[in-house]
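*Asks:* If you scroll down you'll find the structure; I have some questions about it.
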Amino acid sequence: MPERITLADDPDLAHLIDLIDMLPDPEVTAFWGEGDNSIGNKFAYRLDAILTGRRGQGSAADVDYLAVYVLKYLGKDNKHIPQEQITKRLRGVNGLPAAGHAWVEDATRTAWTLVTRYSLPRWRGSQAATPGQAWRSA
């Protein structure tokens, strides 16, 4: 896996960032929240690292955290920024409910793809050497 991941390296990452760009700008605190621990600041920290490589990052961990944030804060049935609020604020669709639903489904699916791509080896732990090892007969 490359040390620095760019949008050119990973089309799923590029697509997820395109989807995030359809949401309100980071300064819209009515959507993202206020303060140092706001959802907007969490996204901004990882997006900045991915897009600029600042802090020498743009690493798999940055991509993973961004994807987890999408699942946690923007994904289906989350308690932070509900689908109705995403639908209302989604650029270019004028509150069309089907567009908001499609955005959440697409963002969730894309984020899950990225999480499993960059986290799965760590999640497997000691079984990472041989996928499915626990299911093989002795």
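Identifiers for the structure tokens are assigned positionally: chains receive A, B, ... in sequence, residues are indexed from 1 per chain, and ligands are indexed from 1 in the order shown.
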Within 12 Å of Pro11 in chain A, counting only C-alpha atoms, which residues show up once you throw out same-chain ones fewer than 6 positions away? Write them as an MDAnalysis selection string, please.
*Replies:* chainID A and resid 5 17:18 110:111 113:114
*Asks:* Any chance you could export the current selection's N, CA, C and O atoms as a short mmCIF file (atom, residue, chain, number, x, y, z; two decimals), in the first residue's frame?
*Replies:*
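Final file, result-v2.cif:
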```cif
data_model
loop_
_atom_site.label_atom_id
_atom_site.label_comp_id
_atom_site.auth_asym_id
_atom_site.auth_seq_id
_atom_site.Cartn_x
_atom_site.Cartn_y
_atom_site.Cartn_z
N ILE A 5 -1.58 8.47 -0.21
CA ILE A 5 -2.68 8.12 -1.11
C ILE A 5 -3.24 9.41 -1.69
O ILE A 5 -3.57 10.34 -0.96
N ILE A 17 -14.94 12.15 -2.04
CA ILE A 17 -14.69 13.58 -1.88
C ILE A 17 -15.62 14.38 -2.79
O ILE A 17 -16.12 15.44 -2.40
N ASP A 18 -15.89 13.89 -3.99
CA ASP A 18 -16.89 14.54 -4.85
C ASP A 18 -18.25 14.60 -4.15
O ASP A 18 -18.95 15.62 -4.21
N THR A 110 -19.58 3.75 -0.54
CA THR A 110 -18.22 4.12 -0.91
C THR A 110 -17.32 4.16 0.33
O THR A 110 -16.19 3.67 0.30
N ALA A 111 -17.83 4.72 1.41
CA ALA A 111 -17.05 4.77 2.65
C ALA A 111 -16.75 3.37 3.17
O ALA A 111 -15.62 3.08 3.59
N THR A 113 -16.46 0.67 1.41
CA THR A 113 -15.43 0.12 0.52
C THR A 113 -14.04 0.59 0.96
O THR A 113 -13.09 -0.20 1.04
N LEU A 114 -13.91 1.86 1.27
CA LEU A 114 -12.61 2.41 1.70
C LEU A 114 -12.19 1.88 3.06
O LEU A 114 -11.02 1.54 3.26
#
```
*Asks:* Excluding Leu13 in chain A and its own-chain neighbours fewer than 4 positions away, which residues fall within 12 Å of it when counting only C-alpha atoms? Please give them as a ChimeraX atom specification.
*Replies:* /A:5-9,17-20,47,50-51,58-60,62-67,70,107,109-115,117-118
*Asks:* Would you list the contacts of range 79-93 of chain A as a VMD selection string, taking every protein, DNA or RNA residue within 12 Å and counting only C-alpha atoms, but skipping same-chain residues closer than 3 positions in sequence?
*Replies:* chain A and resid 18 to 25 28 to 33 38 to 40 69 to 76 96 to 105 107 to 108
*Asks:* Let me see the file: selected residues, N, CA, C and O atoms, as a compact mmCIF listing (two decimals), in the first residue's frame.
*Replies:*
```
# COMPACT_ATOMS: atom_id res chain seq x y z
N ASP A 18 -15.89 13.89 -3.99
CA ASP A 18 -16.89 14.54 -4.85
C ASP A 18 -18.25 14.60 -4.15
O ASP A 18 -18.95 15.62 -4.21
N LEU A 19 -18.63 13.52 -3.50
CA LEU A 19 -19.91 13.50 -2.77
C LEU A 19 -19.90 14.50 -1.62
O LEU A 19 -20.87 15.23 -1.41
N ILE A 20 -18.80 14.55 -0.87
CA ILE A 20 -18.69 15.49 0.25
C ILE A 20 -18.78 16.92 -0.27
O ILE A 20 -19.36 17.80 0.38
N ASP A 21 -18.24 17.18 -1.46
CA ASP A 21 -18.30 18.52 -2.05
C ASP A 21 -19.73 18.97 -2.37
O ASP A 21 -19.97 20.15 -2.57
N MET A 22 -20.67 18.05 -2.41
CA MET A 22 -22.07 18.39 -2.64
C MET A 22 -22.74 18.92 -1.37
O MET A 22 -23.84 19.46 -1.42
N LEU A 23 -22.07 18.74 -0.23
CA LEU A 23 -22.60 19.19 1.05
C LEU A 23 -22.22 20.65 1.29
O LEU A 23 -21.38 21.19 0.58
N PRO A 24 -22.78 21.28 2.31
CA PRO A 24 -22.43 22.67 2.60
C PRO A 24 -20.93 22.84 2.89
O PRO A 24 -20.27 21.90 3.35
N ASP A 25 -20.44 24.04 2.63
CA ASP A 25 -19.05 24.37 2.93
C ASP A 25 -18.77 24.20 4.42
O ASP A 25 -19.70 24.28 5.25
N VAL A 28 -20.35 26.37 7.33
CA VAL A 28 -21.79 26.35 7.63
C VAL A 28 -21.99 25.55 8.92
O VAL A 28 -22.23 24.35 8.91
N THR A 29 -21.88 26.26 10.03
CA THR A 29 -21.96 25.59 11.34
C THR A 29 -23.35 25.04 11.63
O THR A 29 -23.48 24.12 12.44
N ALA A 30 -24.38 25.58 10.98
CA ALA A 30 -25.72 25.03 11.18
C ALA A 30 -25.79 23.58 10.68
O ALA A 30 -26.64 22.81 11.14
N PHE A 31 -24.92 23.22 9.77
CA PHE A 31 -24.87 21.84 9.26
C PHE A 31 -23.81 21.01 10.00
O PHE A 31 -24.08 19.92 10.48
N TRP A 32 -22.59 21.54 10.08
CA TRP A 32 -21.44 20.78 10.58
C TRP A 32 -21.21 20.88 12.09
O TRP A 32 -20.47 20.09 12.65
N GLY A 33 -21.81 21.87 12.73
CA GLY A 33 -21.59 22.06 14.16
C GLY A 33 -20.51 23.10 14.40
O GLY A 33 -19.83 23.55 13.48
N SER A 38 -16.15 19.92 16.41
CA SER A 38 -17.30 19.82 15.51
C SER A 38 -17.05 18.76 14.45
O SER A 38 -15.91 18.39 14.15
N ILE A 39 -18.13 18.29 13.87
CA ILE A 39 -18.03 17.31 12.79
C ILE A 39 -17.27 17.92 11.62
O ILE A 39 -16.43 17.26 11.00
N GLY A 40 -17.50 19.19 11.34
CA GLY A 40 -16.79 19.87 10.27
C GLY A 40 -15.29 19.88 10.48
O GLY A 40 -14.52 19.66 9.54
N TYR A 69 -15.74 8.56 9.43
CA TYR A 69 -16.54 9.74 9.75
C TYR A 69 -17.80 9.79 8.89
O TYR A 69 -18.88 10.15 9.38
N VAL A 70 -17.68 9.45 7.61
CA VAL A 70 -18.86 9.43 6.75
C VAL A 70 -19.87 8.42 7.29
O VAL A 70 -21.06 8.72 7.40
N LEU A 71 -19.40 7.23 7.63
CA LEU A 71 -20.31 6.20 8.16
C LEU A 71 -20.95 6.66 9.48
O LEU A 71 -22.15 6.48 9.69
N LYS A 72 -20.16 7.25 10.34
CA LYS A 72 -20.64 7.64 11.67
C LYS A 72 -21.54 8.88 11.65
O LYS A 72 -22.58 8.91 12.31
N TYR A 73 -21.14 9.90 10.90
CA TYR A 73 -21.82 11.19 10.98
C TYR A 73 -22.79 11.47 9.83
O TYR A 73 -23.66 12.33 9.96
N LEU A 74 -22.63 10.78 8.70
CA LEU A 74 -23.47 11.05 7.54
C LEU A 74 -24.17 9.81 7.01
O LEU A 74 -24.98 9.90 6.10
N GLY A 75 -23.84 8.65 7.54
CA GLY A 75 -24.39 7.40 7.05
C GLY A 75 -25.84 7.20 7.43
O GLY A 75 -26.42 7.92 8.24
N LYS A 76 -26.41 6.20 6.84
CA LYS A 76 -27.82 5.88 7.07
C LYS A 76 -28.09 5.67 8.56
O LYS A 76 -27.35 5.00 9.26
N LEU A 96 -34.78 17.46 -3.18
CA LEU A 96 -35.40 16.26 -3.73
C LEU A 96 -35.08 15.06 -2.83
O LEU A 96 -33.92 14.67 -2.70
N PRO A 97 -36.10 14.47 -2.17
CA PRO A 97 -35.85 13.39 -1.22
C PRO A 97 -35.09 12.20 -1.80
O PRO A 97 -34.21 11.64 -1.14
N ALA A 98 -35.39 11.82 -3.02
CA ALA A 98 -34.70 10.68 -3.61
C ALA A 98 -33.21 10.96 -3.77
O ALA A 98 -32.38 10.06 -3.63
N ALA A 99 -32.85 12.22 -4.04
CA ALA A 99 -31.43 12.57 -4.18
C ALA A 99 -30.72 12.46 -2.83
O ALA A 99 -29.60 11.96 -2.77
N GLY A 100 -31.36 12.91 -1.78
CA GLY A 100 -30.76 12.78 -0.45
C GLY A 100 -30.58 11.33 -0.06
O GLY A 100 -29.53 10.93 0.47
N HIS A 101 -31.59 10.53 -0.33
CA HIS A 101 -31.50 9.09 -0.05
C HIS A 101 -30.37 8.47 -0.86
O HIS A 101 -29.56 7.70 -0.34
N ALA A 102 -30.30 8.79 -2.15
CA ALA A 102 -29.26 8.23 -3.00
C ALA A 102 -27.87 8.68 -2.54
O ALA A 102 -26.92 7.90 -2.55
N TRP A 103 -27.74 9.96 -2.10
CA TRP A 103 -26.46 10.45 -1.62
C TRP A 103 -26.01 9.64 -0.41
O TRP A 103 -24.86 9.18 -0.35
N VAL A 104 -26.90 9.45 0.55
CA VAL A 104 -26.54 8.70 1.77
C VAL A 104 -26.16 7.27 1.41
O VAL A 104 -25.16 6.74 1.90
N GLU A 105 -26.92 6.64 0.54
CA GLU A 105 -26.61 5.25 0.16
C GLU A 105 -25.26 5.17 -0.55
O GLU A 105 -24.45 4.29 -0.26
N ALA A 107 -22.71 7.40 -0.50
CA ALA A 107 -21.61 7.77 0.41
C ALA A 107 -21.31 6.63 1.39
O ALA A 107 -20.14 6.32 1.65
N THR A 108 -22.36 6.00 1.91
CA THR A 108 -22.17 4.89 2.85
C THR A 108 -21.48 3.72 2.17
O THR A 108 -20.52 3.15 2.70
```
*Asks:* Rounded to one decimal place, report the CA of Lys42 in chain A-CA of His15 in chain A distance in Å.
*Replies:*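 If I compute the distance from CA of Lys42 in chain A to CA of His15 in chain A, I get 19.0 Å.
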*Asks:* Rounded to one decimal, what separation in Å do you get between CA of Asp48 in chain A and CA of Pro26 in chain A?
*Replies:*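 Here the two named atoms are 11.8 Å from each other.
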*Asks:* Have a look at CA of Leu16 in chain A and CA of Asp106 in chain A and let me know their distance in Å, one decimal.
*Replies:*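 Value for the CA of Leu16 in chain A-CA of Asp106 in chain A distance: 8.5 Å.
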*Asks:* So which bits of range 5-118 of chain A end up alpha helix (DSSP H) when you DSSP the backbone, as a PyMOL selection string?
*Replies:* chain A and resi 11-20+29-32+39-52+60-69+83-89+97-118
*Asks:* Next, dump the selected residues to file, keeping only C-alpha atoms, as a PDB file, in the first residue's frame.
*Replies:*
```
ATOM      1  CA  PRO A  11     -11.055   6.440  -7.572  1.00  0.00           C
ATOM      2  CA  ASP A  12     -13.314   5.491  -4.649  1.00  0.00           C
ATOM      3  CA  LEU A  13     -11.625   8.140  -2.511  1.00  0.00           C
ATOM      4  CA  ALA A  14     -12.037  10.692  -5.318  1.00  0.00           C
ATOM      5  CA  HIS A  15     -15.721   9.776  -5.601  1.00  0.00           C
ATOM      6  CA  LEU A  16     -16.276  10.132  -1.844  1.00  0.00           C
ATOM      7  CA  ILE A  17     -14.689  13.582  -1.881  1.00  0.00           C
ATOM      8  CA  ASP A  18     -16.889  14.545  -4.849  1.00  0.00           C
ATOM      9  CA  LEU A  19     -19.908  13.498  -2.771  1.00  0.00           C
ATOM     10  CA  ILE A  20     -18.693  15.493   0.246  1.00  0.00           C
ATOM     11  CA  THR A  29     -21.955  25.592  11.336  1.00  0.00           C
ATOM     12  CA  ALA A  30     -25.722  25.030  11.180  1.00  0.00           C
ATOM     13  CA  PHE A  31     -24.875  21.842   9.260  1.00  0.00           C
ATOM     14  CA  TRP A  32     -21.437  20.780  10.582  1.00  0.00           C
ATOM     15  CA  ILE A  39     -18.032  17.306  12.791  1.00  0.00           C
ATOM     16  CA  GLY A  40     -16.794  19.870  10.266  1.00  0.00           C
ATOM     17  CA  ASN A  41     -13.417  20.112  11.983  1.00  0.00           C
ATOM     18  CA  LYS A  42     -13.067  16.334  12.050  1.00  0.00           C
ATOM     19  CA  PHE A  43     -13.710  16.190   8.300  1.00  0.00           C
ATOM     20  CA  ALA A  44     -11.478  19.195   7.596  1.00  0.00           C
ATOM     21  CA  TYR A  45      -8.523  17.679   9.444  1.00  0.00           C
ATOM     22  CA  ARG A  46      -8.563  14.484   7.358  1.00  0.00           C
ATOM     23  CA  LEU A  47      -9.534  16.129   4.066  1.00  0.00           C
ATOM     24  CA  ASP A  48      -6.712  18.642   4.393  1.00  0.00           C
ATOM     25  CA  ALA A  49      -4.198  15.847   4.947  1.00  0.00           C
ATOM     26  CA  ILE A  50      -5.501  13.879   1.955  1.00  0.00           C
ATOM     27  CA  LEU A  51      -5.788  16.836  -0.413  1.00  0.00           C
ATOM     28  CA  THR A  52      -2.588  18.706   0.475  1.00  0.00           C
ATOM     29  CA  ALA A  60      -4.212   5.119   4.666  1.00  0.00           C
ATOM     30  CA  ALA A  61      -5.135   6.184   8.206  1.00  0.00           C
ATOM     31  CA  ASP A  62      -6.417   9.551   6.941  1.00  0.00           C
ATOM     32  CA  VAL A  63      -8.534   7.852   4.276  1.00  0.00           C
ATOM     33  CA  ASP A  64      -9.801   5.333   6.809  1.00  0.00           C
ATOM     34  CA  TYR A  65     -10.750   8.011   9.352  1.00  0.00           C
ATOM     35  CA  LEU A  66     -12.521  10.065   6.681  1.00  0.00           C
ATOM     36  CA  ALA A  67     -14.507   7.019   5.592  1.00  0.00           C
ATOM     37  CA  VAL A  68     -15.387   6.134   9.188  1.00  0.00           C
ATOM     38  CA  TYR A  69     -16.541   9.736   9.747  1.00  0.00           C
ATOM     39  CA  GLN A  83     -30.684  12.161   5.963  1.00  0.00           C
ATOM     40  CA  GLU A  84     -33.386  14.844   6.038  1.00  0.00           C
ATOM     41  CA  GLN A  85     -30.781  17.513   6.800  1.00  0.00           C
ATOM     42  CA  ILE A  86     -28.488  16.167   4.065  1.00  0.00           C
ATOM     43  CA  THR A  87     -31.408  16.231   1.609  1.00  0.00           C
ATOM     44  CA  LYS A  88     -32.256  19.818   2.565  1.00  0.00           C
ATOM     45  CA  ARG A  89     -28.666  21.064   2.164  1.00  0.00           C
ATOM     46  CA  PRO A  97     -35.849  13.389  -1.215  1.00  0.00           C
ATOM     47  CA  ALA A  98     -34.697  10.677  -3.613  1.00  0.00           C
ATOM     48  CA  ALA A  99     -31.435  12.570  -4.178  1.00  0.00           C
ATOM     49  CA  GLY A 100     -30.762  12.782  -0.447  1.00  0.00           C
ATOM     50  CA  HIS A 101     -31.504   9.089  -0.053  1.00  0.00           C
ATOM     51  CA  ALA A 102     -29.255   8.234  -3.004  1.00  0.00           C
ATOM     52  CA  TRP A 103     -26.463  10.455  -1.617  1.00  0.00           C
ATOM     53  CA  VAL A 104     -26.541   8.704   1.765  1.00  0.00           C
ATOM     54  CA  GLU A 105     -26.608   5.253   0.157  1.00  0.00           C
ATOM     55  CA  ASP A 106     -23.765   6.073  -2.249  1.00  0.00           C
ATOM     56  CA  ALA A 107     -21.614   7.765   0.411  1.00  0.00           C
ATOM     57  CA  THR A 108     -22.170   4.891   2.850  1.00  0.00           C
ATOM     58  CA  ARG A 109     -21.322   2.249   0.259  1.00  0.00           C
ATOM     59  CA  THR A 110     -18.218   4.116  -0.908  1.00  0.00           C
ATOM     60  CA  ALA A 111     -17.050   4.774   2.653  1.00  0.00           C
ATOM     61  CA  TRP A 112     -17.499   1.102   3.564  1.00  0.00           C
ATOM     62  CA  THR A 113     -15.431   0.119   0.521  1.00  0.00           C
ATOM     63  CA  LEU A 114     -12.614   2.407   1.698  1.00  0.00           C
ATOM     64  CA  VAL A 115     -12.795   1.270   5.327  1.00  0.00           C
ATOM     65  CA  THR A 116     -12.495  -2.376   4.374  1.00  0.00           C
ATOM     66  CA  ARG A 117      -9.728  -1.630   1.865  1.00  0.00           C
ATOM     67  CA  TYR A 118      -7.546   0.238   4.356  1.00  0.00           C
TER      68      TYR A 118
END
```
